[in-house]
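To be precise, the following lines are model31.pdb, and they hold PDB, C-alpha atoms.
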ATOM      1  CA  MET A1135      33.331 -63.990  25.285
ATOM      2  CA  LYS A1136      33.099 -60.624  23.530
ATOM      3  CA  LEU A1137      33.499 -62.048  20.022
ATOM      4  CA  ARG A1138      30.634 -64.475  20.519
ATOM      5  CA  ARG A1139      28.419 -61.685  21.881
ATOM      6  CA  CYS A1140      29.309 -59.659  18.808
ATOM      7  CA  GLN A1141      28.185 -62.537  16.606
ATOM      8  CA  LEU A1142      24.852 -62.751  18.392
ATOM      9  CA  GLU A1143      24.337 -59.021  17.869
ATOM     10  CA  LEU A1144      25.207 -59.272  14.172
ATOM     11  CA  ALA A1145      22.917 -62.288  13.769
ATOM     12  CA  ALA A1146      20.050 -60.259  15.230
ATOM     13  CA  ARG A1147      20.618 -57.649  12.505
ATOM     14  CA  ALA A1148      20.765 -60.169   9.664
ATOM     15  CA  VAL A1149      17.798 -60.134   7.274
ATOM     16  CA  ARG A1150      16.745 -63.621   6.192
ATOM     17  CA  GLU A1151      14.229 -62.446   3.592
ATOM     18  CA  ASP A1152      14.978 -61.163   0.108
ATOM     19  CA  ALA A1153      15.983 -57.509   0.165
ATOM     20  CA  LEU A1154      18.043 -57.173  -2.977
ATOM     21  CA  GLY A1155      17.547 -55.331  -6.223
ATOM     22  CA  GLU A1156      18.488 -56.290  -9.758
ATOM     23  CA  VAL A1157      21.608 -58.436  -9.799
ATOM     24  CA  ARG A1158      24.115 -57.434 -12.468
ATOM     25  CA  ARG A1159      27.390 -57.936 -10.619
ATOM     26  CA  ILE A1160      28.119 -60.972  -8.419
ATOM     27  CA  ALA A1161      31.270 -60.969  -6.291
ATOM     28  CA  GLY A1162      32.916 -64.208  -5.269
ATOM     29  CA  VAL A1163      34.851 -63.963  -1.994
ATOM     30  CA  ASP A1164      37.502 -66.344  -0.689
ATOM     31  CA  VAL A1165      40.530 -66.253   1.607
ATOM     32  CA  SER A1166      43.678 -68.352   1.450
ATOM     33  CA  SER A1167      46.356 -68.899   4.082
ATOM     34  CA  SER A1168      49.097 -71.389   4.869
ATOM     35  CA  ARG A1169      49.972 -73.036   8.160
ATOM     36  CA  PHE A1170      53.577 -72.994   6.945
ATOM     37  CA  ASP A1171      53.654 -69.197   6.665
ATOM     38  CA  PRO A1172      55.685 -67.780   9.581
ATOM     39  CA  ALA A1173      54.158 -64.348   8.936
ATOM     40  CA  ARG A1174      50.609 -65.745   9.475
ATOM     41  CA  MET A1175      49.184 -63.781   6.560
ATOM     42  CA  VAL A1176      45.665 -64.075   5.197
ATOM     43  CA  HIS A1177      45.149 -63.449   1.496
ATOM     44  CA  ALA A1178      41.642 -62.238   0.622
ATOM     45  CA  ALA A1179      40.367 -62.202  -2.950
ATOM     46  CA  VAL A1180      37.234 -60.732  -4.481
ATOM     47  CA  VAL A1181      36.321 -61.413  -8.114
ATOM     48  CA  VAL A1182      33.322 -59.623  -9.631
ATOM     49  CA  LEU A1183      31.487 -61.377 -12.453
ATOM     50  CA  ASP A1184      28.963 -59.849 -14.828
ATOM     51  CA  TRP A1185      25.549 -61.475 -14.877
ATOM     52  CA  PRO A1186      24.473 -63.356 -16.967
ATOM     53  CA  SER A1187      27.710 -63.704 -18.950
ATOM     54  CA  LEU A1188      29.787 -64.529 -15.836
ATOM     55  CA  THR A1189      32.653 -62.605 -17.394
ATOM     56  CA  PRO A1190      35.107 -61.207 -14.810
ATOM     57  CA  VAL A1191      34.842 -57.413 -14.726
ATOM     58  CA  ALA A1192      36.872 -56.542 -11.616
ATOM     59  CA  ARG A1193      39.025 -58.211  -9.020
ATOM     60  CA  ALA A1194      41.084 -57.309  -5.989
ATOM     61  CA  ALA A1195      43.351 -59.123  -3.565
ATOM     62  CA  VAL A1196      44.732 -57.965  -0.224
ATOM     63  CA  SER A1197      47.213 -59.710   2.072
ATOM     64  CA  LEU A1198      47.229 -58.786   5.759
ATOM     65  CA  PRO A1199      48.601 -60.350   8.946
ATOM     66  CA  ALA A1200      45.997 -62.559  10.593
ATOM     67  CA  PRO A1201      44.646 -60.657  13.623
ATOM     68  CA  MET A1202      44.030 -63.905  15.494
ATOM     69  CA  PRO A1203      44.566 -67.655  15.103
ATOM     70  CA  TYR A1204      41.938 -69.857  13.531
ATOM     71  CA  ILE A1205      39.196 -70.745  16.016
ATOM     72  CA  THR A1206      36.205 -72.799  14.914
ATOM     73  CA  GLY A1207      33.122 -70.595  14.762
ATOM     74  CA  LEU A1208      35.120 -67.342  14.834
ATOM     75  CA  LEU A1209      36.619 -67.466  11.337
ATOM     76  CA  ALA A1210      35.124 -64.122  10.287
ATOM     77  CA  PHE A1211      37.156 -62.131  12.803
ATOM     78  CA  ARG A1212      40.335 -63.575  11.292
ATOM     79  CA  GLU A1213      39.433 -63.015   7.636
ATOM     80  CA  ILE A1214      37.019 -60.095   7.280
ATOM     81  CA  PRO A1215      39.570 -57.258   7.742
ATOM     82  CA  ALA A1216      41.393 -58.430   4.604
ATOM     83  CA  ILE A1217      38.113 -59.026   2.748
ATOM     84  CA  GLU A1218      36.844 -55.535   3.537
ATOM     85  CA  ALA A1219      40.148 -54.079   2.328
ATOM     86  CA  ALA A1220      39.774 -55.990  -0.944
ATOM     87  CA  LEU A1221      36.157 -54.864  -1.370
ATOM     88  CA  ALA A1222      37.278 -51.263  -0.867
ATOM     89  CA  GLN A1223      39.513 -51.572  -3.939
ATOM     90  CA  LEU A1224      36.606 -52.344  -6.267
ATOM     91  CA  PRO A1225      35.384 -49.496  -8.488
ATOM     92  CA  ASP A1226      31.749 -50.171  -7.498
ATOM     93  CA  PRO A1227      30.058 -52.315  -4.847
ATOM     94  CA  PRO A1228      28.669 -55.610  -6.175
ATOM     95  CA  ASP A1229      24.976 -56.434  -6.096
ATOM     96  CA  LEU A1230      25.499 -59.809  -4.417
ATOM     97  CA  LEU A1231      28.279 -61.474  -2.419
ATOM     98  CA  MET A1232      28.900 -65.206  -2.763
ATOM     99  CA  VAL A1233      31.246 -66.125   0.080
ATOM    100  CA  ASP A1234      33.292 -69.275   0.595
ATOM    101  CA  GLY A1235      31.995 -70.190   4.051
ATOM    102  CA  GLN A1236      28.854 -70.389   6.141
ATOM    103  CA  GLY A1237      25.975 -67.967   6.366
ATOM    104  CA  ILE A1238      23.389 -68.635   9.073
ATOM    105  CA  ALA A1239      24.443 -72.312   9.263
ATOM    106  CA  HIS A1240      26.529 -71.458  12.304
ATOM    107  CA  PRO A1241      26.148 -72.069  16.060
ATOM    108  CA  ARG A1242      25.246 -68.396  16.592
ATOM    109  CA  ARG A1243      23.716 -67.926  13.110
ATOM    110  CA  CYS A1244      26.606 -65.672  12.123
ATOM    111  CA  GLY A1245      29.043 -67.374   9.787
ATOM    112  CA  ILE A1246      31.410 -65.349   7.660
ATOM    113  CA  ALA A1247      28.847 -64.739   4.889
ATOM    114  CA  THR A1248      26.322 -63.353   7.374
ATOM    115  CA  HIS A1249      28.957 -61.328   9.241
ATOM    116  CA  LEU A1250      30.284 -59.816   6.003
ATOM    117  CA  GLY A1251      26.817 -59.140   4.635
ATOM    118  CA  VAL A1252      25.691 -57.317   7.770
ATOM    119  CA  VAL A1253      28.802 -55.150   8.185
ATOM    120  CA  THR A1254      28.757 -54.150   4.494
ATOM    121  CA  ASP A1255      24.944 -54.252   4.186
ATOM    122  CA  LEU A1256      25.300 -56.200   0.951
ATOM    123  CA  PRO A1257      23.175 -59.239   0.074
ATOM    124  CA  SER A1258      25.249 -62.340   0.761
ATOM    125  CA  ILE A1259      25.205 -66.108   0.345
ATOM    126  CA  GLY A1260      27.344 -68.703   2.104
ATOM    127  CA  VAL A1261      28.787 -71.475  -0.075
ATOM    128  CA  ALA A1262      30.736 -73.868   2.148
ATOM    129  CA  LYS A1263      32.531 -77.103   1.351
ATOM    130  CA  SER A1264      31.875 -78.734   4.730
ATOM    131  CA  ARG A1265      29.299 -78.780   7.514
ATOM    132  CA  LEU A1266      29.546 -76.673  10.648
ATOM    133  CA  VAL A1267      26.105 -77.264  12.207
ATOM    134  CA  GLY A1268      22.821 -78.906  11.310
ATOM    135  CA  GLN A1269      21.651 -82.173   9.830
ATOM    136  CA  PRO A1270      19.966 -82.903   6.492
ATOM    137  CA  VAL A1271      16.323 -83.843   6.868
ATOM    138  CA  ALA A1272      16.702 -86.741   4.402
ATOM    139  CA  PRO A1273      19.451 -88.574   2.515
ATOM    140  CA  LEU A1274      20.886 -86.580  -0.387
ATOM    141  CA  GLY A1275      20.550 -88.122  -3.829
ATOM    142  CA  GLU A1276      23.602 -88.882  -5.946
ATOM    143  CA  GLU A1277      22.355 -87.141  -9.083
ATOM    144  CA  PRO A1278      23.522 -83.613 -10.003
ATOM    145  CA  GLY A1279      21.064 -81.049  -8.687
ATOM    146  CA  ALA A1280      19.967 -83.200  -5.745
ATOM    147  CA  LEU A1281      18.886 -80.995  -2.864
ATOM    148  CA  VAL A1282      17.947 -81.491   0.773
ATOM    149  CA  GLU A1283      17.120 -79.036   3.546
ATOM    150  CA  VAL A1284      19.395 -78.716   6.584
ATOM    151  CA  ARG A1285      17.992 -78.001  10.060
ATOM    152  CA  ASP A1286      19.672 -77.121  13.324
ATOM    153  CA  ARG A1287      17.703 -77.090  16.591
ATOM    154  CA  GLY A1288      14.483 -76.862  14.594
ATOM    155  CA  ASP A1289      15.690 -73.933  12.484
ATOM    156  CA  VAL A1290      16.115 -74.245   8.711
ATOM    157  CA  VAL A1291      19.680 -73.009   8.256
ATOM    158  CA  GLY A1292      20.507 -74.079   4.725
ATOM    159  CA  ALA A1293      20.601 -76.905   2.229
ATOM    160  CA  LEU A1294      22.911 -79.500   0.770
ATOM    161  CA  LEU A1295      23.280 -79.252  -3.006
ATOM    162  CA  ARG A1296      24.914 -81.888  -5.185
ATOM    163  CA  SER A1297      26.415 -79.604  -7.807
ATOM    164  CA  ARG A1298      28.111 -82.332  -9.840
ATOM    165  CA  ALA A1299      27.950 -86.121 -10.094
ATOM    166  CA  ARG A1300      30.320 -87.957  -7.740
ATOM    167  CA  ALA A1301      31.262 -84.683  -6.031
ATOM    168  CA  ASN A1302      30.771 -83.909  -2.361
ATOM    169  CA  PRO A1303      27.785 -81.612  -1.830
ATOM    170  CA  LEU A1304      27.937 -77.888  -1.265
ATOM    171  CA  HIS A1305      26.561 -76.464   1.979
ATOM    172  CA  ILE A1306      24.438 -73.463   0.997
ATOM    173  CA  SER A1307      23.057 -71.012   3.544
ATOM    174  CA  PRO A1308      21.619 -67.499   3.414
ATOM    175  CA  GLY A1309      23.908 -64.753   4.641
ATOM    176  CA  HIS A1310      22.101 -61.405   4.705
ATOM    177  CA  ARG A1311      19.194 -59.950   2.706
ATOM    178  CA  VAL A1312      18.753 -63.243   0.844
ATOM    179  CA  SER A1313      16.300 -66.090   1.460
ATOM    180  CA  LEU A1314      17.349 -69.720   1.217
ATOM    181  CA  ALA A1315      15.359 -70.130  -2.003
ATOM    182  CA  THR A1316      17.121 -67.170  -3.586
ATOM    183  CA  ALA A1317      20.513 -68.340  -2.341
ATOM    184  CA  LEU A1318      19.939 -71.696  -4.023
ATOM    185  CA  HIS A1319      18.728 -69.985  -7.200
ATOM    186  CA  TRP A1320      21.927 -67.979  -7.579
ATOM    187  CA  VAL A1321      24.242 -70.847  -6.728
ATOM    188  CA  ARG A1322      22.566 -73.107  -9.283
ATOM    189  CA  ALA A1323      22.439 -70.313 -11.870
ATOM    190  CA  THR A1324      26.202 -69.796 -11.649
ATOM    191  CA  LEU A1325      27.267 -73.439 -11.868
ATOM    192  CA  ARG A1326      29.166 -74.265 -15.045
ATOM    193  CA  GLY A1327      29.910 -77.964 -14.764
ATOM    194  CA  ARG A1328      32.275 -77.737 -11.809
ATOM    195  CA  ARG A1329      31.694 -78.401  -8.123
ATOM    196  CA  LEU A1330      31.881 -74.713  -7.170
ATOM    197  CA  PRO A1331      29.781 -71.911  -8.641
ATOM    198  CA  GLU A1332      31.805 -69.593 -10.853
ATOM    199  CA  PRO A1333      32.022 -66.635  -8.410
ATOM    200  CA  THR A1334      33.601 -68.596  -5.561
ATOM    201  CA  ARG A1335      35.646 -70.745  -7.944
ATOM    202  CA  ALA A1336      37.198 -67.613  -9.470
ATOM    203  CA  ALA A1337      37.821 -66.103  -6.029
ATOM    204  CA  HIS A1338      39.396 -69.348  -4.813
ATOM    205  CA  GLU A1339      41.849 -69.329  -7.719
ATOM    206  CA  TRP A1340      42.688 -65.634  -7.271
ATOM    207  CA  ALA A1341      43.224 -66.048  -3.515
ATOM    208  CA  GLY A1342      45.552 -68.978  -4.151
ATOM    209  CA  GLN A1343      47.547 -66.935  -6.648
ATOM    210  CA  ALA A1344      47.838 -64.093  -4.139
ATOM    211  CA  ARG A1345      49.084 -66.489  -1.438
ATOM    212  CA  ARG A1346      51.645 -68.119  -3.712
ATOM    213  CA  ALA A1347      52.927 -64.748  -4.919
ATOM    214  CA  ALA A1348      53.248 -63.430  -1.367
ATOM    215  CA  MET A1349      55.109 -66.527  -0.169
ATOM    216  CA  ALA A1350      57.439 -66.835  -3.162
ATOM    217  CA  PRO A1351      61.100 -66.213  -2.277
ATOM    218  CA  PRO A1352      62.679 -63.045  -3.696
ATOM    219  CA  PRO A1353      64.654 -63.469  -6.941
ATOM    220  CA  GLY A1354      67.998 -65.063  -6.244
ATOM    221  CA  ARG A1355      66.892 -66.450  -2.846
ATOM    222  CA  GLU A1356      65.467 -69.803  -3.958
TER
END
Before anything else, please render the file you have as structure tokens.
Amino acid sequence: MKLRRCQLELAARAVREDALGEVRRIAGVDVSSSRFDPARMVHAAVVVLDWPSLTPVARAAVSLPAPMPYITGLLAFREIPAIEAALAQLPDPPDLLMVDGQGIAHPRRCGIATHLGVVTDLPSIGVAKSRLVGQPVAPLGEEPGALVEVRDRGDVVGALLRSRARANPLHISPGHRVSLATALHWVRATLRGRRLPEPTRAAHEWAGQARRAAMAPPPGRE
């Protein structure tokens, strides 16, 4: 399948070592959609936070028709056109992308964070809420900050991180131009007592607002 071949080619271009400069602006990236939307729109949001204050300094949201249905392992092709359009609205490119989704923890090592990082050539980290591939090498502790490596077919593809007590772990994986150690550093550095790090939490909220606004009935049509 052409899309899967494309992913293999992008994965071959992904850089798994650190190749990023000083980080002053971190962009959280998320996409929202609804199965009840007859227009099949995807609503991409990018929120840029200043480091180390984590104050929002820019944000953008774009809603576009989904170019294809959701297919496991091919999410990026559905969502990246809207994400790229949102990134294009920013006054300046961010220094680091923190993407809701997988990086190299993907069957072809090309989740949405890796795909987006390679096509934009921006350092990127995948912060996912669920597992796509791989198994933890040991049980994950219950305490906040507990960490365990995840391997798939002998390859270290990420880590589970317990960001908050009694919360399900985050699935962290490098995307592009970021090592696993650095990905974990930035996720932990941007946690503020919630399950999600602030960049993806802010993007999640902004994407949800964009979806609700787009789906709201016109005045007088409720």
Need to verify the contact set: Gln1236 of chain A, 8 Å, all atoms listed in the file, exclusion of same-chain residues closer than 6 positions in sequence. Can you return it as a PDB file with C-alpha atoms, keeping the file's coordinate frame?
ATOM      1  CA  CYS A1244      26.606 -65.672  12.123  1.00  0.00           C
ATOM      2  CA  GLY A1245      29.043 -67.374   9.787  1.00  0.00           C
ATOM      3  CA  ILE A1246      31.410 -65.349   7.660  1.00  0.00           C
ATOM      4  CA  ALA A1247      28.847 -64.739   4.889  1.00  0.00           C
ATOM      5  CA  THR A1248      26.322 -63.353   7.374  1.00  0.00           C
ATOM      6  CA  GLY A1260      27.344 -68.703   2.104  1.00  0.00           C
ATOM      7  CA  VAL A1261      28.787 -71.475  -0.075  1.00  0.00           C
ATOM      8  CA  ALA A1262      30.736 -73.868   2.148  1.00  0.00           C
ATOM      9  CA  LEU A1266      29.546 -76.673  10.648  1.00  0.00           C
ATOM     10  CA  HIS A1305      26.561 -76.464   1.979  1.00  0.00           C
ATOM     11  CA  ILE A1306      24.438 -73.463   0.997  1.00  0.00           C
ATOM     12  CA  SER A1307      23.057 -71.012   3.544  1.00  0.00           C
ATOM     13  CA  GLY A1309      23.908 -64.753   4.641  1.00  0.00           C
TER      14      GLY A1309
END
Hits from the PyMOL selection byres ((chain A and resi 1336) around 12), listed as a ChimeraX atom specification: /A:1160-1165,1179-1183,1188-1194,1232-1234,1324-1326,1328,1330-1335,1337-1343
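Among the candidate residues A:Ala1350, A:Leu1250, A:Ala1239, A:Ala1323, the one lying nearest to Asp1286 of chain A is A:Ala1239, with distances computed using all atoms listed in the file.
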Counting only C-alpha atoms, which residues of segment 1205-1232 of chain A sit at most 9 Å from some atom of segment 1170-1176 of chain A, and what is each one's closest atom pair with its distance in Å to one decimal, listed by chain and rising residue number, as JSON lines?
{"residue": "A:Arg1212", "atom": "CA", "partner": "A:Val1176", "partner_atom": "CA", "distance": 8.1}
{"residue": "A:Glu1213", "atom": "CA", "partner": "A:Val1176", "partner_atom": "CA", "distance": 6.8}
{"residue": "A:Ala1216", "atom": "CA", "partner": "A:Val1176", "partner_atom": "CA", "distance": 7.1}
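Put simply, the PyMOL selection byres ((chain A and resi 1151) around 9) on this file hits Val1149, Arg1150, Asp1152, Ala1153, Pro1308, His1310, Arg1311, Val1312, Ser1313 and Leu1314 of chain A.
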Please enclose the listed atoms of segment 1237-1251 of chain A in an axis-aligned box, pad each side by 4 Å, and write out the centre and the three edge lengths in Å, rounded to one decimal, as lines of an AutoDock Vina configuration file.
center_x = 27.4
center_y = -65.7
center_z = 10.6
size_x = 16.0
size_y = 21.2
size_z = 20.0
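In this structure, atom CA of Leu1224 of chain A sits 16.4 Å away from atom CA of Pro1257 of chain A.
What separates atom CA of Leu1208 of chain A from atom CA of Leu1137 of chain A is a distance of 7.6 Å.
You will find atom CA of Ala1222 of chain A at 17.5 Å from atom CA of Pro1199 of chain A.
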Which residue of A:Ile1214, A:Ala1219, A:Ala1280, A:Ala1146 approaches Ala1301 of chain A most closely, using all atoms listed in the file: A:Ala1280
Residue members of the PyMOL selection byres ((chain A and resi 1272) around 10) in the file shown, as an MDAnalysis selection string: chainID A and resid 1269:1271 1273:1275 1281:1284
From A:Gly1268, A:Glu1156, A:Val1196, A:Arg1329, residue lying nearest Arg1298 of chain A [only C-alpha atoms]: A:Arg1329
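If all atoms listed in the file are the atoms counted, then among A:Arg1138, A:Ala1299, A:Gly1288, A:Ala1348 the closest residue to Ile1205 of chain A is A:Arg1138.
Closest to Ser1187 of chain A among A:Asp1226, A:Gly1327, A:Val1321, A:Arg1158 is A:Arg1158, based on all atoms listed in the file.
In terms of minimum interatomic distance to Ala1344 of chain A, A:Ala1178 ranks closest within A:Ala1178, A:His1240, A:Ile1217, A:Gly1207, counting all atoms listed in the file.
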